[in-house]
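Worksheet for the structure shown next.
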Amino acid sequence: MNSFTQFLKSFWASYLLFVLLMTAALIVPQKGALFIGMPQDSLLTIQLVPYMCGLFLLGSALFILSAAFKTEWLSTAARLLSFIGAALAGAVVFTTVWETHQVLEIGHFGMSNLYEVSILLLAVTSSFGLWFESKKQFKGFALFLAPLWVLQVLFIIWLMSINQAGHRELLPALQSQWLPWHVLANFIGYGCFFVAASAGVMQLMRSRADKLGAKSNLPTVEACTDLHYRAILIGFPVFSLAILLGCVWAYEAWGGYWSWDPKETWALIVWLIYGGYLHARYTHFARGNVLAWWTIVAFAATLFCYLGVNMFLDGMHSYGQLG
């Protein structure tokens with residue numbers, strides 16, 4: 001009973017409650033009003049995404065201002081706005097499942113095109129980032145996540161500006177029971193890796209301040225190291241599961257578990273880099289700032305796997321491209 005009470009007071013209980021309430025608030029007004037083939041821009045998930053983006057942009061700006069002026073109420077306001085934005089992003093992901101079953105011939109989870117997965121990634125990155133921010137030893141971490149949120153939001157806004165926003169009929173290759181589980185595991189991994197890279201940058205900043213003898217309100221180097229280790233410890237096994245699920249799906253769809261498709265190859269590269277990080281940490285082969293730089297290099301590989309492969313390389317995963 002005590003553990004359940006503690007959970008109710010925890011970050012995740014609050015986050016899930018807000019996501020569920022917002023999901024209900026998105027579904028109820030639209031119930032009975034949607035039909036197959038209706039204009040996508042009339043859907044609430046599409047209409048509210050700009051407001052979600054605005055919450056993250058304003059929250060990020062307040063995080064920067066609170067650090068510059070060392071004002072606690074600005075930091076509190078920034079956390080609140082970012083939390084609401086994160087909950088709204090989660091609600092959009094959940095509501096998409098219901099909306100697609102109303103307006104498309106074949107409904108699906110909100111994870112089938114670059115626009116949908118970008119919102120999913122923002123929901124994962126922000127929720128996990130704010131979870132760490134809520135812990136006393138990591139207070140101030142959100143300042144280093146804010147630039148990443150801004151980049152993610154700007155990318156979503158760009159996708160909307162080129163008419164990539166909305167839900168589309170699933171291609172035959174995506175009409176599989178493995179789609180939501182493979183993609184969800186994949187982007188939970190990506191989100192955790194993005195969080196780890198932000199912690200790596202924070203560690204380098206704190207380490208430099210310590211060397212210069214400058215006063216810093218950032219978490220200690222040890223706390224930063226612990227943060228990116230925790231994020232990778234969560235993300236790596238989930239990303240590993242995504243690869244395994246992808247292999248099963250590939251066998252079902254294409255008759256082989258592995259084909260050295262560019263997406264598969266880069267997923268393996270990312271997996272090896274983060275596996276190397278964990279091995280280096282466990283064996284004490286690397287420590288300190290070396291591990292921090294490791295998270296940044298790994299982030300670059302992850303970013304290319306997420307966007308570069310889909311946008312610039314052809315392969316069996318070409319359905320992830322723009323268009």
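The way I read the labels, and the way they are meant: chains A, B, ... in the order of the structure tokens, residue 1 as the first residue of every chain, and ligand 1 as the first ligand shown, with later ones counted on from there.
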
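By chain and then residue number, the residues within 7 Å of region 205-220 of chain A are Gln137, Phe138, Lys139, Gly140, Val201, Met202, Ala223 and Cys224 of chain A, counting only C-alpha atoms and disregarding those fewer than 3 positions away in sequence.
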
Determine, using only C-alpha atoms, which residues of region 173-275 of chain A have any atom at most 10 Å from an atom of region 287-301 of chain A, and tabulate each with its shortest atom pair and distance in Å to one decimal place, rows ordered by chain and then rising number, as a Markdown table.
```
| residue | atom | partner | partner_atom | distance |
| --- | --- | --- | --- | --- |
| A:Tyr190 | CA | A:Phe299 | CA | 8.7 |
| A:Phe193 | CA | A:Phe299 | CA | 6.5 |
| A:Phe194 | CA | A:Phe299 | CA | 6.3 |
| A:Val195 | CA | A:Phe299 | CA | 9.3 |
| A:Ala196 | CA | A:Thr295 | CA | 6.3 |
| A:Ala197 | CA | A:Thr295 | CA | 4.9 |
| A:Ser198 | CA | A:Ile296 | CA | 8.0 |
| A:Ala199 | CA | A:Ala292 | CA | 7.7 |
| A:Gly200 | CA | A:Ala292 | CA | 4.2 |
| A:Val201 | CA | A:Ala292 | CA | 6.8 |
| A:Met202 | CA | A:Ala292 | CA | 8.7 |
| A:Gln203 | CA | A:Ala292 | CA | 6.6 |
| A:Leu204 | CA | A:Asn289 | CA | 6.4 |
| A:Ser207 | CA | A:Asn289 | CA | 7.8 |
| A:Val221 | CA | A:Gly288 | CA | 7.9 |
| A:Glu222 | CA | A:Gly288 | CA | 8.2 |
| A:Cys224 | CA | A:Ala292 | CA | 8.7 |
| A:Thr225 | CA | A:Gly288 | CA | 7.2 |
| A:His228 | CA | A:Thr295 | CA | 7.7 |
| A:Tyr229 | CA | A:Leu291 | CA | 9.1 |
| A:Ile232 | CA | A:Thr295 | CA | 9.0 |
| A:Trp266 | CA | A:Ala301 | CA | 7.7 |
| A:Ala267 | CA | A:Ala301 | CA | 8.9 |
| A:Ile269 | CA | A:Ala301 | CA | 7.6 |
| A:Val270 | CA | A:Ala301 | CA | 6.0 |
| A:Trp271 | CA | A:Ala298 | CA | 9.2 |
| A:Leu272 | CA | A:Ala298 | CA | 9.5 |
| A:Ile273 | CA | A:Ala298 | CA | 6.2 |
| A:Tyr274 | CA | A:Ala298 | CA | 6.8 |
```

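Going from CA of Thr125 (chain A) to CA of Ala68 (chain A) covers 23.7 Å.
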
Could you make a table, as a tab-separated table, of the residues of region 2-58 of chain A that have an atom within 8 Å of an atom of region 72-94 of chain A, each with its nearest atom pair and distance in Å to one decimal, counting only C-alpha atoms, in chain and number order?
```
residue	atom	partner	partner_atom	distance
A:Tyr15	CA	A:Ala87	CA	6.2
A:Leu16	CA	A:Ala87	CA	7.7
A:Phe18	CA	A:Ala87	CA	5.9
A:Val19	CA	A:Ala87	CA	4.9
A:Leu20	CA	A:Ala91	CA	6.8
A:Met22	CA	A:Ala91	CA	5.7
A:Thr23	CA	A:Ala91	CA	4.7
A:Leu26	CA	A:Ala91	CA	7.9
A:Thr45	CA	A:Val92	CA	5.5
A:Val49	CA	A:Ala89	CA	7.9
A:Met52	CA	A:Gly85	CA	5.2
A:Cys53	CA	A:Gly85	CA	7.4
A:Leu55	CA	A:Gly85	CA	5.4
A:Phe56	CA	A:Ser82	CA	5.4
A:Leu58	CA	A:Leu81	CA	7.4
```

Put those residues in a file: C-alpha atoms, as a compact mmCIF listing (two decimals), in the first residue's frame.
```
# COMPACT_ATOMS: atom_id res chain seq x y z
CA TYR A 15 2.23 12.42 -16.13
CA LEU A 16 0.04 9.44 -17.03
CA PHE A 18 -2.53 14.25 -17.36
CA VAL A 19 -2.06 12.25 -20.58
CA LEU A 20 -5.26 10.29 -19.96
CA MET A 22 -5.98 15.26 -22.17
CA THR A 23 -6.69 12.22 -24.36
CA LEU A 26 -9.42 15.35 -27.35
CA THR A 45 -4.59 16.49 -32.83
CA VAL A 49 0.13 20.56 -32.25
CA MET A 52 2.05 22.01 -28.02
CA CYS A 53 5.06 23.38 -29.87
CA LEU A 55 4.45 25.33 -24.82
CA PHE A 56 7.86 23.75 -25.41
CA LEU A 58 8.07 29.08 -24.11
```

Across A:Val117, A:Val103, A:Val97, A:Leu65, the smallest distance to Gly37 (chain A), with only C-alpha atoms counted, is shown by A:Val103

Report, in Å to a single decimal, how far apart CA of Leu245 (chain A) and CA of Pro180 (chain A) are.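 Between CA of Pro180 (chain A) and CA of Leu245 (chain A) the gap works out to 10.3 Å.
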
Just the number, please: distance in Å from CA of Tyr282 (chain A) to CA of Thr302 (chain A), one decimal. 22.0 Å

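Across A:Gly166, A:Pro237, A:Pro172, A:Pro147, the tightest approach to Leu114 (chain A) is made by A:Gly166 when counting only C-alpha atoms.
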
With a distance cut-off of 12 Å and only C-alpha atoms, select the neighbouring residues of Phe187 (chain A), excluding the residue or stretch itself and same-chain residues fewer than 2 positions from it, and output the selection as a ChimeraX atom specification. /A:111,114,116-125,180-185,189-194,235-236,238-243,267,302-303,305-306

For the selection you just gave me, I'd like the residues written to a file as a JSON list (two decimals), in the first residue's frame, keeping N, CA and C atoms.
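New file selection.json:
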```json
[["chain", "number", "residue", "atom", "x", "y", "z"],
["A", 111, "MET", "N", 2.37, 6.03, -35.36],
["A", 111, "MET", "CA", 3.80, 5.76, -35.46],
["A", 111, "MET", "C", 4.18, 5.31, -36.87],
["A", 114, "LEU", "N", 6.93, 10.09, -40.61],
["A", 114, "LEU", "CA", 7.94, 10.91, -39.93],
["A", 114, "LEU", "C", 7.31, 11.94, -39.01],
["A", 116, "GLU", "N", 4.35, 11.69, -37.36],
["A", 116, "GLU", "CA", 3.81, 11.01, -36.18],
["A", 116, "GLU", "C", 4.92, 10.58, -35.22],
["A", 117, "VAL", "N", 5.99, 9.99, -35.76],
["A", 117, "VAL", "CA", 7.05, 9.51, -34.87],
["A", 117, "VAL", "C", 7.85, 10.66, -34.26],
["A", 118, "SER", "N", 7.86, 11.82, -34.94],
["A", 118, "SER", "CA", 8.55, 12.98, -34.37],
["A", 118, "SER", "C", 7.82, 13.47, -33.11],
["A", 119, "ILE", "N", 6.49, 13.42, -33.14],
["A", 119, "ILE", "CA", 5.72, 13.78, -31.95],
["A", 119, "ILE", "C", 5.93, 12.73, -30.86],
["A", 120, "LEU", "N", 5.95, 11.46, -31.24],
["A", 120, "LEU", "CA", 6.22, 10.39, -30.28],
["A", 120, "LEU", "C", 7.59, 10.58, -29.63],
["A", 121, "LEU", "N", 8.60, 10.89, -30.44],
["A", 121, "LEU", "CA", 9.94, 11.10, -29.89],
["A", 121, "LEU", "C", 9.98, 12.28, -28.93],
["A", 122, "LEU", "N", 9.28, 13.35, -29.27],
["A", 122, "LEU", "CA", 9.22, 14.52, -28.38],
["A", 122, "LEU", "C", 8.55, 14.15, -27.06],
["A", 123, "ALA", "N", 7.50, 13.34, -27.12],
["A", 123, "ALA", "CA", 6.82, 12.90, -25.90],
["A", 123, "ALA", "C", 7.76, 12.08, -25.02],
["A", 124, "VAL", "N", 8.52, 11.18, -25.64],
["A", 124, "VAL", "CA", 9.45, 10.33, -24.88],
["A", 124, "VAL", "C", 10.59, 11.16, -24.30],
["A", 125, "THR", "N", 11.21, 11.99, -25.13],
["A", 125, "THR", "CA", 12.35, 12.80, -24.69],
["A", 125, "THR", "C", 11.95, 13.73, -23.55],
["A", 180, "PRO", "N", 3.38, -1.20, -34.09],
["A", 180, "PRO", "CA", 3.42, -0.33, -32.91],
["A", 180, "PRO", "C", 4.50, -0.72, -31.91],
["A", 181, "TRP", "N", 4.72, -2.02, -31.72],
["A", 181, "TRP", "CA", 5.68, -2.46, -30.70],
["A", 181, "TRP", "C", 7.12, -2.21, -31.14],
["A", 182, "HIS", "N", 7.40, -2.47, -32.40],
["A", 182, "HIS", "CA", 8.75, -2.21, -32.92],
["A", 182, "HIS", "C", 9.08, -0.72, -32.88],
["A", 183, "VAL", "N", 8.15, 0.11, -33.37],
["A", 183, "VAL", "CA", 8.40, 1.54, -33.44],
["A", 183, "VAL", "C", 8.43, 2.16, -32.04],
["A", 184, "LEU", "N", 7.51, 1.75, -31.17],
["A", 184, "LEU", "CA", 7.49, 2.30, -29.82],
["A", 184, "LEU", "C", 8.79, 2.00, -29.08],
["A", 185, "ALA", "N", 9.24, 0.74, -29.14],
["A", 185, "ALA", "CA", 10.50, 0.38, -28.48],
["A", 185, "ALA", "C", 11.67, 1.15, -29.09],
["A", 189, "GLY", "N", 13.98, 4.02, -27.05],
["A", 189, "GLY", "CA", 15.43, 3.98, -27.07],
["A", 189, "GLY", "C", 16.02, 5.28, -27.54],
["A", 190, "TYR", "N", 15.54, 5.80, -28.67],
["A", 190, "TYR", "CA", 16.02, 7.09, -29.18],
["A", 190, "TYR", "C", 15.88, 8.19, -28.14],
["A", 191, "GLY", "N", 14.70, 8.26, -27.52],
["A", 191, "GLY", "CA", 14.45, 9.31, -26.53],
["A", 191, "GLY", "C", 15.43, 9.26, -25.37],
["A", 192, "CYS", "N", 15.68, 8.06, -24.87],
["A", 192, "CYS", "CA", 16.64, 7.90, -23.77],
["A", 192, "CYS", "C", 18.05, 8.27, -24.22],
["A", 193, "PHE", "N", 18.39, 7.94, -25.44],
["A", 193, "PHE", "CA", 19.72, 8.28, -25.95],
["A", 193, "PHE", "C", 19.87, 9.80, -26.11],
["A", 194, "PHE", "N", 18.80, 10.49, -26.51],
["A", 194, "PHE", "CA", 18.83, 11.94, -26.61],
["A", 194, "PHE", "C", 19.04, 12.56, -25.22],
["A", 235, "GLY", "N", 17.43, 2.90, -22.07],
["A", 235, "GLY", "CA", 17.25, 2.91, -23.52],
["A", 235, "GLY", "C", 17.84, 1.73, -24.25],
["A", 236, "PHE", "N", 19.02, 1.24, -23.79],
["A", 236, "PHE", "CA", 19.72, 0.19, -24.54],
["A", 236, "PHE", "C", 18.93, -1.12, -24.61],
["A", 238, "VAL", "N", 15.73, -1.56, -24.30],
["A", 238, "VAL", "CA", 14.49, -1.33, -25.06],
["A", 238, "VAL", "C", 14.82, -1.23, -26.55],
["A", 239, "PHE", "N", 15.91, -0.56, -26.88],
["A", 239, "PHE", "CA", 16.34, -0.47, -28.28],
["A", 239, "PHE", "C", 16.73, -1.84, -28.81],
["A", 240, "SER", "N", 17.34, -2.65, -27.96],
["A", 240, "SER", "CA", 17.69, -4.03, -28.35],
["A", 240, "SER", "C", 16.42, -4.81, -28.68],
["A", 241, "LEU", "N", 15.38, -4.62, -27.85],
["A", 241, "LEU", "CA", 14.10, -5.27, -28.11],
["A", 241, "LEU", "C", 13.53, -4.81, -29.45],
["A", 242, "ALA", "N", 13.67, -3.52, -29.75],
["A", 242, "ALA", "CA", 13.18, -2.99, -31.03],
["A", 242, "ALA", "C", 13.85, -3.70, -32.20],
["A", 243, "ILE", "N", 15.16, -3.92, -32.10],
["A", 243, "ILE", "CA", 15.88, -4.61, -33.17],
["A", 243, "ILE", "C", 15.38, -6.05, -33.31],
["A", 267, "ALA", "N", 21.06, 0.92, -37.44],
["A", 267, "ALA", "CA", 20.54, 0.51, -36.12],
["A", 267, "ALA", "C", 21.57, -0.35, -35.41],
["A", 302, "THR", "N", 22.84, 8.16, -33.64],
["A", 302, "THR", "CA", 21.40, 7.95, -33.45],
["A", 302, "THR", "C", 20.59, 8.90, -34.31],
["A", 303, "LEU", "N", 21.02, 10.15, -34.38],
["A", 303, "LEU", "CA", 20.31, 11.15, -35.17],
["A", 303, "LEU", "C", 20.33, 10.78, -36.65],
["A", 305, "CYS", "N", 20.62, 7.74, -37.83],
["A", 305, "CYS", "CA", 19.76, 6.56, -37.96],
["A", 305, "CYS", "C", 18.30, 6.97, -38.01],
["A", 306, "TYR", "N", 17.94, 7.95, -37.21],
["A", 306, "TYR", "CA", 16.55, 8.42, -37.12],
["A", 306, "TYR", "C", 16.14, 9.21, -38.36]]
```

Mind checking DSSP for region 99-271 of chain A and telling me the helix (DSSP H, G or I) residues as a ChimeraX atom specification? /A:99-103,114-133,136-138,142-161,172-174,179-212,221-254,262-271

Can you check which parts of region 7-83 of chain A lie within 12 Å of region 157-161 of chain A? Per residue, the shortest pair of atoms and distance in Å to one decimal, counting only C-alpha atoms, sorted by chain and number, as a Markdown table.
```
| residue | atom | partner | partner_atom | distance |
| --- | --- | --- | --- | --- |
| A:Gln40 | CA | A:Met160 | CA | 11.8 |
| A:Asp41 | CA | A:Met160 | CA | 10.5 |
| A:Ile46 | CA | A:Met160 | CA | 9.2 |
| A:Gln47 | CA | A:Met160 | CA | 10.9 |
| A:Val49 | CA | A:Ile157 | CA | 8.8 |
| A:Pro50 | CA | A:Ile157 | CA | 7.5 |
| A:Tyr51 | CA | A:Ile157 | CA | 10.9 |
| A:Met52 | CA | A:Ile157 | CA | 10.6 |
| A:Cys53 | CA | A:Ile157 | CA | 7.8 |
| A:Gly54 | CA | A:Ile157 | CA | 10.2 |
| A:Leu57 | CA | A:Ile157 | CA | 11.5 |
```
